[in-house]
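Here the structure is laid out as structure tokens; the discussion comes afterwards.
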Amino acid sequence: MKILLFGKNGQVGWELNRSLQPQGEVIALEYDVADFSKPESLREIVQSIKPDVIVNAAAYTAVDKAEEEESLALTINTVAPGVLAEEALKIKALLIHYSTDYIFDGTKKGPYDETDAPNPINAYGRTKLEGEQVIQSSGCDYLIFRTSWVYASRAHNFLLTILKLAKEREELSIVADQIGSPTSARLIAETTALCLQQALREKQKGVFSSDLYHLTTSANTSWHGFTKEIVDVTSKTLDQHLKIKDIKAIPTTDYPTPASRPMNSQLRCTKLENTFDVKMPDWKIALELCIEELA
Ligand SMILES: NC(=O)c1ccc[n+]([C@@H]2O[C@H](COP(=O)([O-])OP(=O)(O)OC[C@H]3O[C@@H](n4cnc5c(N)ncnc54)[C@H](OP(=O)(O)O)[C@@H]3O)[C@@H](O)[C@H]2O)c1
């Protein structure tokens with residue numbers, strides 16, 4: 001079994017490079033050899049390796065910068081995955097790809113289902129939605145996992161930014177009216193590995209069906225609630241002095257950003273849980289495990 005992994009140094013890619021190891025030979029590539037801004041160059045890479053599975057964790061993820069660089073974001077998030085899908089079809093490989101809560105506008109009351117109509121409100125979301133669509137219409141075997149609010153014990157993310165700021169400042173003001181489910185890269189990778197095992201068994205039996213699933217932790221919070229929990233758990237778990245005393249809750253309107261964010265990012269994961277017989281943990285449990293790892 002050959003697994004070709006793109007984006008191995010990203011949050012999710014780094015964890016995938018570990019979680020996928022028991023499933024076969026993992027050929028993990030980064031930017032220097034697989035540049036998604038040159039999508040045509042990916043054809044030769046796929047055809048020279050001829051993997052059984054392609055896992056795409058590479059993406060243009062700079063949400064605010066994408067407002068100015070939509071064309072580059074589109075190349076990386078739509079055109080390149082489209083090329084991977086075409087090449088996967090030629091060699092009958094399974095393509096695993098990730099998408100985002102930002103394909104929704106956030107106006108729904110309650111969690112989004114896979115059947116809810118997408119309506120992205122920023123450039124990044126538009127390019128990720130088109131990435132889903134190009135894979136879905138390619139005819140290749142695929143699994144697309146939409147996830148949200150990703151963090152990890154390494155790379156750049158909200159958790160590590162808050163930990164840094166909490167050591168430097170006594171007061172922080174954090175948005176409290178955007179709701180979502182913080183999801184650790186490790187959980188995404190481990191769940192992907194479980195789903196992949198089942199998908200491969202189904203492919204062998206000729207009963208596999210390509211589909212798109214929501215994959216996040218369960219329950220939800222705001223960025224403010226997430227921050228409070230990060231600080232609480234860190235104070236109990238890590239032997240580090242935090243300067244922070246006050247975490248103020250502010251509305252989105254007090255923290256303007258170039259890209260609009262959905263106010264409601266909750267994704268219902270029932271379809272994933274039922275199809276793959278998995279149970280997505282509460283976001284607080286996944287956060288504790290990640291902070292314990294930092295310790
Ligand atoms: N981060 C989130 O909150 C979030 C939320 C929902 C969904 N997602 C989705 O989850 C997936 C994984 O995200 P992540 O958080 O792991 O992202 P990440 O940490 O930003 O990693 C993305 C990876 O893509 C690589 N990359 C960027 N431009 C590239 C290019 N032109 N050619 C090749 N590689 C390139 C990056 O390399 P460098 O590090 O060298 O730039 C990095 O290794 C993505 O599909 C993302 O859209 C993420």
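We name chains A, B, ... following the order of the structure tokens; residues begin at 1 in each chain, and ligands are numbered from 1 as shown.
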List all protein, DNA and RNA residues that have an atom no more than 6 Å from any atom of ligand 1, counting only C-alpha atoms and all ligand atoms, and report them as an mmCIF file with C-alpha atoms, in the first residue's frame.
```cif
data_model
loop_
_atom_site.group_PDB
_atom_site.id
_atom_site.type_symbol
_atom_site.label_atom_id
_atom_site.label_comp_id
_atom_site.auth_asym_id
_atom_site.auth_seq_id
_atom_site.Cartn_x
_atom_site.Cartn_y
_atom_site.Cartn_z
ATOM 1 C CA GLY A 7 1.474 19.214 2.864
ATOM 2 C CA LYS A 8 3.486 17.182 5.365
ATOM 3 C CA ASN A 9 4.679 20.211 7.348
ATOM 4 C CA GLY A 10 1.245 21.723 7.933
ATOM 5 C CA GLN A 11 -0.715 21.141 11.136
ATOM 6 C CA VAL A 12 -2.806 18.282 9.761
ATOM 7 C CA GLY A 13 -0.141 16.987 7.367
ATOM 8 C CA GLU A 30 6.229 19.372 0.953
ATOM 9 C CA TYR A 31 6.354 22.583 -1.050
ATOM 10 C CA ALA A 34 5.277 19.527 -4.834
ATOM 11 C CA ASP A 35 4.325 23.151 -5.418
ATOM 12 C CA PHE A 36 0.535 23.535 -5.609
ATOM 13 C CA SER A 37 0.920 26.946 -7.250
ATOM 14 C CA ALA A 57 -3.290 18.276 3.470
ATOM 15 C CA ALA A 58 -1.688 21.120 1.484
ATOM 16 C CA ALA A 59 -3.746 24.287 1.175
ATOM 17 C CA TYR A 60 -3.638 28.060 1.032
ATOM 18 C CA THR A 61 -4.912 28.767 4.574
ATOM 19 C CA ILE A 76 -3.751 26.047 -4.634
ATOM 20 C CA TYR A 98 -9.910 18.521 3.565
ATOM 21 C CA SER A 99 -12.315 21.410 3.469
ATOM 22 C CA THR A 100 -13.666 23.950 5.891
ATOM 23 C CA ASP A 101 -16.608 25.381 7.841
ATOM 24 C CA THR A 147 -13.239 20.490 9.556
ATOM 25 C CA SER A 148 -12.992 23.708 11.614
ATOM 26 C CA TRP A 149 -10.878 25.844 13.964
ATOM 27 C CA VAL A 150 -7.788 23.623 13.614
#
```
For Gln178 in chain A, list every protein, DNA or RNA residue within 7 Å, evaluated using only C-alpha atoms, and leave out those in the same chain fewer than 4 positions away; present the list as a list in words. Ser222, Trp223, Met263 and Asn264 of chain A
Nearest to Ser138 in chain A, restricted to only C-alpha atoms and choosing among A:Ala185, A:Ala152, A:Ala166, A:Val79, comes out as A:Val79
Need the shell around Phe276 in chain A: protein/DNA/RNA residues with any atom at most 8 Å away, counting only C-alpha atoms. Skip same-chain ones fewer than 6 positions apart. Format as a PyMOL selection string? chain A and resi 194-195+198
As a PyMOL selection string, which residues of range 35-155 of chain A does DSSP assign to alpha helix (DSSP H)? chain A and resi 41-49+70-74+80-91+123-136
In Å and to one decimal, CA of Thr115 in chain A is distant from CA of Leu212 in chain A by 9.7 Å
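Comparing the minimum interatomic distances between Lys245 in chain A and each of A:Asn274, A:Ser181, A:Ser173, A:Glu293, counting only C-alpha atoms, we find that A:Ser173 sits nearest.
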Leu215 in chain A proximity check over A:Glu114, A:Glu87, A:Asp105, A:Glu67, using only C-alpha atoms: winner is A:Glu114
query = Hey, what does DSSP flag as strand (DSSP E) within range 47-249 of chain A? Can you give it to me as a ChimeraX atom specification?
reply = /A:53-56,94-100,141-147,150-151,171-175,179-180,183-184,211-214,221-222,246-249
Taking 5 positions as the minimum chain separation for residues in the same chain, which residues sit within 10 Å of Met280 in chain A when counting only C-alpha atoms? Answer as a PyMOL selection string.
chain A and resi 183+187-188+191+215-219+269-270+272-273+286
Name all residues at most 8 Å from Asp141 in chain A (count only C-alpha atoms; drop same-chain ones fewer than 4 positions away) and give them as a compact mmCIF listing (two decimals) with N, CA and C atoms, in the first residue's frame.
```txt
# COMPACT_ATOMS: atom_id res chain seq x y z
N ALA A 88 -5.78 10.88 -9.86
CA ALA A 88 -6.27 9.76 -9.02
C ALA A 88 -7.19 8.87 -9.84
N LEU A 89 -8.04 9.49 -10.64
CA LEU A 89 -8.98 8.73 -11.48
C LEU A 89 -8.21 7.82 -12.45
N LYS A 92 -6.87 4.95 -10.46
CA LYS A 92 -7.87 4.37 -9.52
C LYS A 92 -7.44 4.52 -8.06
N ALA A 93 -6.75 5.61 -7.76
CA ALA A 93 -6.36 5.86 -6.36
C ALA A 93 -7.52 6.54 -5.63
N LEU A 94 -7.53 6.37 -4.31
CA LEU A 94 -8.50 7.08 -3.47
C LEU A 94 -7.90 8.43 -3.10
N LEU A 95 -8.67 9.50 -3.25
CA LEU A 95 -8.19 10.84 -2.88
C LEU A 95 -8.87 11.28 -1.59
N SER A 209 -18.33 4.01 -1.56
CA SER A 209 -18.94 5.17 -2.22
C SER A 209 -18.29 6.45 -1.74
N SER A 210 -17.88 7.26 -2.71
CA SER A 210 -17.24 8.55 -2.40
C SER A 210 -18.25 9.44 -1.69
```
